[in-house]
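Q: Just structure_23.csv, nothing more (CSV, C-alpha atoms):
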chain,number,residue,atom,x,y,z
J,1,MET,CA,0.0,0.0,0.0
J,2,THR,CA,1.2,3.5,-0.7
J,3,ASP,CA,1.0,6.3,1.8
J,4,HIS,CA,-2.3,6.1,3.6
J,5,PRO,CA,-4.1,9.4,3.8
J,6,THR,CA,-3.7,11.1,7.1
J,7,SER,CA,-5.0,14.3,8.5
J,8,VAL,CA,-2.7,16.7,10.2
J,9,SER,CA,-3.0,20.3,11.2
J,10,GLU,CA,-0.5,22.9,9.9
J,11,HIS,CA,0.2,26.6,10.0
J,12,HIS,CA,-3.3,27.5,11.3
J,13,GLU,CA,-3.9,30.2,13.8
J,14,PRO,CA,-7.3,30.9,15.2
J,15,VAL,CA,-8.7,34.3,14.5
J,16,THR,CA,-11.4,35.9,16.6
J,17,ILE,CA,-13.8,38.2,14.9
J,18,ALA,CA,-15.8,40.5,17.2
J,19,ALA,CA,-19.1,39.6,15.5
J,20,ASP,CA,-21.2,41.7,17.7
J,21,ALA,CA,-19.4,44.8,16.5
J,22,THR,CA,-19.3,43.8,12.9
J,23,GLU,CA,-21.7,44.3,10.1
J,24,GLU,CA,-23.0,41.0,8.7
J,25,ARG,CA,-21.5,41.7,5.3
J,26,GLU,CA,-18.1,42.3,6.8
J,27,LEU,CA,-18.3,39.3,9.0
J,28,ILE,CA,-19.2,37.0,6.1
J,29,LEU,CA,-16.4,38.5,4.0
J,30,ALA,CA,-13.9,38.0,6.8
J,31,LEU,CA,-15.0,34.4,7.2
J,32,LEU,CA,-14.9,33.8,3.5
J,33,ARG,CA,-11.5,35.3,3.2
J,34,ARG,CA,-10.3,33.1,6.0
J,35,VAL,CA,-11.6,30.0,4.3
J,36,PHE,CA,-10.2,31.1,0.9
J,37,GLN,CA,-6.9,31.9,2.6
J,38,GLU,CA,-6.8,28.3,3.7
J,39,ILE,CA,-8.5,27.0,0.7
J,40,ASP,CA,-6.5,23.8,0.7
J,41,GLY,CA,-7.9,23.4,4.1
J,42,MET,CA,-11.5,23.8,3.1
J,43,PRO,CA,-13.6,22.4,5.8
J,44,THR,CA,-16.1,20.0,4.5
J,45,ASN,CA,-18.4,18.0,6.6
J,46,PRO,CA,-21.9,17.6,5.2
J,47,ASP,CA,-22.8,15.4,8.1
J,48,GLN,CA,-21.9,18.0,10.7
J,49,GLN,CA,-24.4,18.4,13.5
J,50,PRO,CA,-25.2,22.0,14.3
J,51,GLU,CA,-25.0,23.3,17.8
J,52,ASP,CA,-28.1,24.3,19.6
J,53,GLY,CA,-29.8,27.3,18.1
J,54,VAL,CA,-27.7,27.0,14.9
J,55,ALA,CA,-29.2,26.0,11.6
J,56,ILE,CA,-27.1,24.9,8.6
J,57,VAL,CA,-28.1,26.4,5.3
J,58,GLY,CA,-26.5,25.5,2.0
J,59,PHE,CA,-25.3,28.0,-0.5
J,60,ARG,CA,-23.5,28.0,-3.9
J,61,ALA,CA,-22.0,30.8,-6.0
J,62,THR,CA,-20.7,31.1,-9.5
J,63,ALA,CA,-18.3,33.7,-11.0
J,64,SER,CA,-16.4,34.1,-14.1
J,65,ASP,CA,-13.1,33.9,-12.4
J,66,LEU,CA,-11.6,33.1,-9.0
J,67,SER,CA,-11.0,36.7,-8.1
J,68,SER,CA,-14.6,37.5,-8.2
J,69,LEU,CA,-15.8,34.3,-6.6
J,70,ILE,CA,-15.4,35.5,-3.1
J,71,LEU,CA,-17.7,38.4,-3.7
J,72,ALA,CA,-20.2,36.2,-5.5
J,73,ALA,CA,-20.1,33.8,-2.5
J,74,LEU,CA,-20.7,36.8,-0.2
J,75,ASP,CA,-23.7,37.8,-2.2
J,76,ALA,CA,-25.0,34.3,-2.3
J,77,ALA,CA,-24.6,34.0,1.5
J,78,LEU,CA,-26.4,37.2,2.1
J,79,GLU,CA,-29.2,36.3,-0.3
J,80,GLU,CA,-29.7,33.0,1.4
J,81,ALA,CA,-29.7,34.5,4.8
J,82,ASP,CA,-32.2,37.0,3.7
J,83,ALA,CA,-34.4,34.4,2.2
J,84,GLN,CA,-34.3,32.3,5.3
J,85,GLN,CA,-34.5,35.3,7.6
J,86,VAL,CA,-31.5,34.3,9.6
J,87,THR,CA,-28.1,35.8,10.6
J,88,VAL,CA,-24.9,34.1,9.3
J,89,VAL,CA,-22.4,33.3,12.0
J,90,GLY,CA,-20.2,30.9,10.2
J,91,VAL,CA,-19.2,29.9,6.6
J,92,ASP,CA,-18.0,26.6,5.4
J,93,VAL,CA,-16.8,26.5,1.8
J,94,ALA,CA,-17.1,22.9,1.0
J,95,GLY,CA,-15.9,22.7,-2.6
J,96,ILE,CA,-14.7,24.5,-5.7
J,97,MET,CA,-15.1,23.4,-9.3
J,98,PRO,CA,-14.3,24.8,-12.7
J,99,ILE,CA,-17.4,24.9,-14.8
J,100,ASP,CA,-18.2,26.1,-18.3
J,101,GLU,CA,-19.2,29.5,-17.0
J,102,GLY,CA,-16.1,30.0,-14.9
J,103,VAL,CA,-15.8,28.6,-11.4
J,104,ARG,CA,-18.3,27.6,-8.7
J,105,CYS,CA,-18.0,27.1,-5.0
J,106,TRP,CA,-20.5,25.6,-2.6
J,107,GLY,CA,-20.8,25.1,1.1
J,108,TYR,CA,-22.8,25.7,4.2
J,109,LEU,CA,-23.7,28.7,6.4
J,110,ALA,CA,-24.1,28.4,10.1
J,111,THR,CA,-27.0,30.6,11.0
J,112,ILE,CA,-28.9,31.8,14.0
J,113,ASP,CA,-32.3,33.4,14.3
J,114,ARG,CA,-32.3,37.1,13.5
J,115,GLU,CA,-33.7,38.0,16.9
J,116,ALA,CA,-30.9,36.1,18.7
J,117,PRO,CA,-27.9,38.1,19.9
J,118,ARG,CA,-25.0,37.6,17.5
J,119,PRO,CA,-22.0,35.8,19.2
J,120,ALA,CA,-18.4,36.7,18.9
J,121,ILE,CA,-16.8,34.2,16.6
J,122,THR,CA,-13.5,32.5,16.7
J,123,VAL,CA,-12.6,31.2,13.3
J,124,VAL,CA,-10.6,28.1,13.8
J,125,PRO,CA,-9.0,27.1,10.5
J,126,PRO,CA,-9.7,23.6,9.6
J,127,VAL,CA,-7.3,20.7,9.7
J,128,THR,CA,-5.5,20.3,6.5
J,129,VAL,CA,-5.1,16.9,4.9
J,130,VAL,CA,-1.6,17.0,3.6
J,131,HIS,CA,-0.9,13.3,2.8
J,132,GLY,CA,-2.8,11.4,0.2
J,133,PRO,CA,-2.4,8.9,-2.4
J,134,THR,CA,1.3,8.7,-3.3
J,135,ASN,CA,1.8,12.2,-1.7
J,136,VAL,CA,0.2,13.8,-4.7
J,137,ARG,CA,0.2,17.1,-2.9
J,138,ALA,CA,3.9,17.2,-3.1
J,139,GLU,CA,3.7,17.0,-6.9
J,140,ALA,CA,1.3,19.9,-7.1
J,141,GLN,CA,2.8,23.3,-7.8
J,142,LEU,CA,0.2,24.8,-10.1
J,143,ARG,CA,-2.1,27.4,-8.8
J,144,LEU,CA,-5.9,27.2,-8.7
J,145,GLU,CA,-6.3,30.3,-10.7
J,146,GLU,CA,-4.4,28.8,-13.6
J,147,SER,CA,-6.8,25.9,-13.6
J,148,THR,CA,-9.8,28.2,-13.8
J,149,ARG,CA,-8.8,30.5,-16.6
E,1,MET,CA,-23.5,-13.1,-9.0
E,2,THR,CA,-22.6,-10.4,-6.5
E,3,THR,CA,-20.1,-7.9,-7.7
E,4,PRO,CA,-17.0,-8.0,-5.5
E,5,THR,CA,-16.6,-4.7,-3.5
E,6,ILE,CA,-13.3,-3.1,-2.7
E,7,ASP,CA,-13.0,0.0,-0.6
E,8,ALA,CA,-11.3,3.2,-1.7
E,9,THR,CA,-8.4,4.1,0.6
E,10,GLY,CA,-7.7,7.6,-0.7
E,11,ILE,CA,-9.0,10.3,-3.0
E,12,ALA,CA,-7.3,13.2,-4.8
E,13,ILE,CA,-9.2,16.1,-6.3
E,14,ASP,CA,-7.3,17.5,-9.3
E,15,ILE,CA,-8.9,20.9,-9.6
E,16,ARG,CA,-6.8,21.9,-12.6
E,17,HIS,CA,-8.2,19.0,-14.7
E,18,ASN,CA,-11.4,18.8,-12.7
E,19,GLU,CA,-10.9,15.2,-12.1
E,20,LEU,CA,-11.1,12.8,-9.2
E,21,GLN,CA,-8.5,10.2,-8.6
E,22,ILE,CA,-9.6,7.2,-6.6
E,23,LEU,CA,-7.0,4.9,-5.0
E,24,ALA,CA,-8.0,1.4,-4.0
E,25,PRO,CA,-6.3,-1.9,-3.4
E,26,THR,CA,-6.6,-3.9,-6.6
E,27,THR,CA,-7.6,-7.5,-6.7
E,28,THR,CA,-7.9,-8.2,-10.3
E,29,PRO,CA,-6.5,-6.5,-13.4
E,30,LEU,CA,-8.4,-3.5,-14.7
E,31,GLY,CA,-6.0,-2.2,-17.2
E,32,THR,CA,-8.2,-2.3,-20.3
E,33,VAL,CA,-11.3,-0.7,-18.7
E,34,THR,CA,-12.2,2.7,-20.1
E,35,THR,CA,-15.7,3.3,-18.6
E,36,GLY,CA,-17.4,2.7,-15.3
E,37,ILE,CA,-20.8,3.4,-13.7
E,38,VAL,CA,-20.7,5.8,-10.9
E,39,ASP,CA,-23.4,5.9,-8.2
E,40,ILE,CA,-24.1,9.5,-7.0
E,41,GLY,CA,-26.1,9.9,-3.8
E,42,ALA,CA,-27.7,12.8,-2.1
E,43,GLN,CA,-25.8,16.1,-2.2
E,44,GLY,CA,-23.7,14.8,-5.0
E,45,ARG,CA,-21.9,12.3,-2.9
E,46,LEU,CA,-19.8,9.7,-4.8
E,47,LEU,CA,-21.0,6.5,-3.3
E,48,GLY,CA,-18.9,4.2,-5.5
E,49,ILE,CA,-18.0,3.1,-9.0
E,50,GLU,CA,-18.6,-0.1,-10.8
E,51,ILE,CA,-15.6,-0.9,-12.9
E,52,GLY,CA,-15.0,-4.1,-14.7
E,53,ASP,CA,-16.3,-6.8,-12.5
E,54,GLN,CA,-15.6,-4.9,-9.3
E,55,TYR,CA,-17.3,-2.2,-7.3
E,56,VAL,CA,-15.1,0.4,-5.6
E,57,ALA,CA,-17.0,1.9,-2.6
E,58,VAL,CA,-16.1,5.5,-1.7
E,59,MET,CA,-18.6,7.1,0.6
E,60,ASP,CA,-21.6,5.9,2.5
E,61,ASP,CA,-25.0,7.2,1.5
E,62,GLN,CA,-26.9,9.4,3.9
E,63,PRO,CA,-29.5,7.5,5.9
E,64,GLY,CA,-32.8,7.5,4.2
E,65,ALA,CA,-31.4,9.0,1.0
E,66,ILE,CA,-31.1,5.9,-1.1
E,67,ASP,CA,-34.0,7.0,-3.3
E,68,LEU,CA,-31.9,9.9,-4.4
E,69,THR,CA,-29.1,7.8,-5.8
E,70,ARG,CA,-28.6,7.9,-9.5
E,71,SER,CA,-26.1,6.0,-11.7
E,72,VAL,CA,-24.3,7.2,-14.8
E,73,GLU,CA,-21.8,5.7,-17.1
E,74,VAL,CA,-18.6,7.8,-17.2
E,75,PRO,CA,-15.3,7.6,-19.1
E,76,LEU,CA,-12.3,6.9,-16.9
E,77,ARG,CA,-8.6,5.9,-16.9
E,78,VAL,CA,-7.0,3.2,-14.8
E,79,SER,CA,-3.4,2.9,-13.8
E,80,ILE,CA,-1.7,0.4,-11.5
E,81,GLU,CA,0.6,1.6,-8.8
E,82,GLU,CA,2.3,-1.0,-6.7
E,83,ARG,CA,-0.7,-2.9,-5.1
E,84,ASP,CA,-3.2,-0.1,-5.8
E,85,VAL,CA,-5.3,0.8,-8.7
E,86,ARG,CA,-5.8,4.5,-9.4
E,87,ILE,CA,-9.0,5.3,-11.2
E,88,THR,CA,-9.3,8.8,-12.7
E,89,LEU,CA,-12.6,10.3,-13.8
E,90,GLY,CA,-14.1,13.7,-14.3
E,91,ARG,CA,-16.1,15.5,-11.6
E,92,ARG,CA,-18.9,16.5,-13.9
E,93,GLY,CA,-20.6,15.7,-17.2
E,94,GLU,CA,-23.4,17.0,-19.3
E,95,ASP,CA,-26.1,16.0,-16.8
E,96,TRP,CA,-24.3,14.9,-13.7
E,97,GLU,CA,-21.9,16.3,-11.1
E,98,ILE,CA,-20.0,14.9,-8.1
E,99,SER,CA,-19.9,17.5,-5.3
E,100,TYR,CA,-18.3,15.2,-2.7
E,101,PRO,CA,-15.6,14.3,-2.1
E,102,SER,CA,-14.6,17.9,-2.7
E,103,GLY,CA,-11.1,17.8,-1.2
E,104,ASN,CA,-9.4,18.2,2.1
E,105,GLN,CA,-11.8,16.2,4.0
E,106,CYS,CA,-11.8,12.8,5.8
E,107,TRP,CA,-14.8,10.7,6.5
E,108,THR,CA,-15.4,7.5,8.3
E,109,ARG,CA,-17.1,4.5,6.7
E,110,ARG,CA,-19.9,3.3,8.9
E,111,THR,CA,-19.7,-0.4,7.9
E,112,VAL,CA,-16.1,-0.9,6.8
E,113,PHE,CA,-13.3,-1.5,9.2
E,114,ASP,CA,-9.5,-1.4,8.9
E,115,ASP,CA,-6.9,-3.9,10.0
E,116,ARG,CA,-7.2,-2.8,13.6
E,117,GLY,CA,-11.0,-3.2,13.6
E,118,GLN,CA,-11.5,0.5,13.6
E,119,PRO,CA,-14.0,2.2,11.2
E,120,LEU,CA,-12.1,2.9,8.0
E,121,GLN,CA,-11.2,6.5,7.6
E,122,VAL,CA,-10.8,7.8,4.0
E,123,CYS,CA,-9.3,11.2,3.2
E,124,ALA,CA,-9.5,13.3,0.1
E,125,ILE,CA,-6.9,15.9,-0.7
E,126,VAL,CA,-6.8,18.8,-3.2
E,127,ILE,CA,-4.3,19.0,-6.0
E,128,PRO,CA,-2.9,21.4,-6.8
E,129,THR,CA,-2.5,23.3,-3.5
E,130,PRO,CA,-3.8,26.7,-4.3
E,131,ASP,CA,-2.9,29.9,-2.5
E,132,ILE,CA,-5.2,32.6,-3.5
E,133,ALA,CA,-5.0,34.6,-0.3
E,134,ARG,CA,-2.3,36.9,-1.6
E,135,GLU,CA,-4.3,37.5,-4.7
E,136,ASP,CA,-7.2,38.6,-2.6
E,137,GLY,CA,-5.1,40.7,-0.4
E,138,ALA,CA,-6.5,39.1,2.7
Output the file's structure in the form of structure tokens.
A:
Amino acid sequence: MTDHPTSVSEHHEPVTIAADATEERELILALLRRVFQEIDGMPTNPDQQPEDGVAIVGFRATASDLSSLILAALDAALEEADAQQVTVVGVDVAGIMPIDEGVRCWGYLATIDREAPRPAITVVPPVTVVHGPTNVRAEAQLRLEESTR
Amino acid sequence: MTTPTIDATGIAIDIRHNELQILAPTTTPLGTVTTGIVDIGAQGRLLGIEIGDQYVAVMDDQPGAIDLTRSVEVPLRVSIEERDVRITLGRRGEDWEISYPSGNQCWTRRTVFDDRGQPLQVCAIVIPTPDIAREDGA
């Protein structure tokens, strides 16, 4: 058997966002930036059980290129939150895929009732899976943006 | 006859080529196979792929979601690496798409156990490793 996949954590520092003092748009953007910053550490857990009072809402966004995807994701998150009448307190970008129209991302929003007080949020970057089949990650030097042009 | 099932031990997501690479211990030669039938479950989860006379299981379906499973024939490539087989297929086609695995995630198979009797953990990684934070200025 070749190298068995293993999850390890690397170069991740928790960041606290004072959500109660932040506009929702800025909060979501900060969360998205954090996720995109660690995009090889995209947290993905569709089976995740939400905490009490937190509802998980799916979202997806499409943009012509990667640089505009983060804003498209922000808009999608805000639209979804508005449609569901909830406040976003967490963002989980689950995946990214090049498509005919450009690039798409999808994921989940952790949301609370709009009437509930918004908590301060500590963004804990996800564990990064760095070992996989035959250490393919070590072979990878190309950048995501090149793949989506 | 029941199709023999083998369990995927690792997945790589090649974003550049928009392909999935599935690694599994091989039991019989698959070198000439060029198509397979993928089972896609709820939320676009790749449940497994029938290839040749074998079935490679990847993810468990969500409880109660079996009715949402669909199957589609897909082109693929097979290569042999030591004792493993690497199956490469696209992440989407004209009328289908695989959303999970999406990369950088590990999951536990509910009904499959490793050599130590523990539930089998399978991980997916993303290739290439992107770094767009600097592009974004974050």
Q: Quick one: everything within 7 Å of Gly36 in chain E, counting all atoms listed in the file, minus sequence neighbours fewer than 3 positions away in the same chain. Send it as a PDB file with C-alpha atoms, in the coordinates of the input.
A:
ATOM      1  CA  ILE E  49     -18.000   3.100  -9.000  1.00  0.00           C
ATOM      2  CA  GLU E  50     -18.600  -0.100 -10.800  1.00  0.00           C
ATOM      3  CA  ILE E  51     -15.600  -0.900 -12.900  1.00  0.00           C
ATOM      4  CA  GLU E  73     -21.800   5.700 -17.100  1.00  0.00           C
ATOM      5  CA  VAL E  74     -18.600   7.800 -17.200  1.00  0.00           C
ATOM      6  CA  PRO E  75     -15.300   7.600 -19.100  1.00  0.00           C
ATOM      7  CA  LEU E  76     -12.300   6.900 -16.900  1.00  0.00           C
TER       8      LEU E  76
END
Q: Tell me which of E:Gly44, E:Gly52, E:Pro4, E:Gly117 sits closest to chain J, counting only C-alpha atoms.
A: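 Residue with the minimum atom-to-atom distance to chain J: E:Gly44.
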Q: What does the distance between CA of Leu31 in chain J and CA of Cys105 in chain J come to in Å, to one decimal place?
A: 14.5 Å
Q: Tell me which of J:Gly53, J:Asp65, J:Ala76, J:Gly95 sits closest to Pro117 in chain J, counting all atoms listed in the file.
A: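 Going through J:Gly53, J:Asp65, J:Ala76, J:Gly95 one by one, the smallest distance to Pro117 in chain J is for J:Gly53.
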Q: Taking only C-alpha atoms into account, name the residue in J:Ala110, J:Glu26, J:Gln85, J:Val103 that is nearest to Ala72 in chain J.
A: J:Val103
Q: Between J:Ile56, J:Met97, J:Val89, J:Leu29, which has the minimum distance to Glu97 in chain E (counting only C-alpha atoms)?
A: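 Looking at the shortest contact to Glu97 in chain E, the residue is J:Met97.
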Q: Do a neighbour search on Met59 in chain E at 9 Å with all atoms listed in the file, toss out local chain neighbours closer than 2 positions, and write the hits as a list of chain:residue names.
A: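 Near neighbours after the sequence-gap exclusion: E:Ala8, E:Arg45, E:Leu46, E:Leu47, E:Gly48, E:Ala57, E:Asp61, E:Tyr100, E:Pro101, E:Trp107, E:Thr108, E:Arg109, E:Val122.
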Q: Quick one: of E:Ser102, E:Glu19, E:Thr5, E:Pro63, who's nearest to Gly107 in chain J, counting only C-alpha atoms?
A: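 For Gly107 in chain J, the nearest of the given residues is E:Ser102.
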Q: Work out how far apart CA of Leu78 in chain J and CA of Ala63 in chain J are and give it in Å to one decimal.
A: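 Answer for the CA of Leu78 in chain J to CA of Ala63 in chain J separation: 15.8 Å.
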Q: For CA of Asp113 in chain J and CA of Val54 in chain J, determine how far apart the two atoms are, in Å to one decimal place.
A: 7.9 Å
Q: Place a sphere of radius 7 Å on (-26.3, 7.9, -12.1) in the file coordinates and name every protein, DNA or RNA residue with an atom inside or on its surface, counting all atoms listed in the file; give the answer as a PDB file with C-alpha atoms, in the frame of the given file.
A:
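Now in out.pdb:
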ATOM      1  CA  VAL E  38     -20.700   5.800 -10.900  1.00  0.00           C
ATOM      2  CA  ASP E  39     -23.400   5.900  -8.200  1.00  0.00           C
ATOM      3  CA  ILE E  40     -24.100   9.500  -7.000  1.00  0.00           C
ATOM      4  CA  THR E  69     -29.100   7.800  -5.800  1.00  0.00           C
ATOM      5  CA  ARG E  70     -28.600   7.900  -9.500  1.00  0.00           C
ATOM      6  CA  SER E  71     -26.100   6.000 -11.700  1.00  0.00           C
ATOM      7  CA  VAL E  72     -24.300   7.200 -14.800  1.00  0.00           C
TER       8      VAL E  72
END
Q: So which one's closest to Gly58 in chain J, J:Ala94, J:Ala116, J:Ile28, J:Leu109? Using all atoms listed in the file, please.
A: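 Ranking J:Ala94, J:Ala116, J:Ile28, J:Leu109 by distance to Gly58 in chain J, first place goes to J:Leu109.
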Q: Excluding Ile87 in chain E and residues on its chain fewer than 6 positions from it, collect all residues at most 9 Å away from it, counting all atoms listed in the file, and give them as a PyMOL selection string.
A: chain E and resi 20-24+76-80
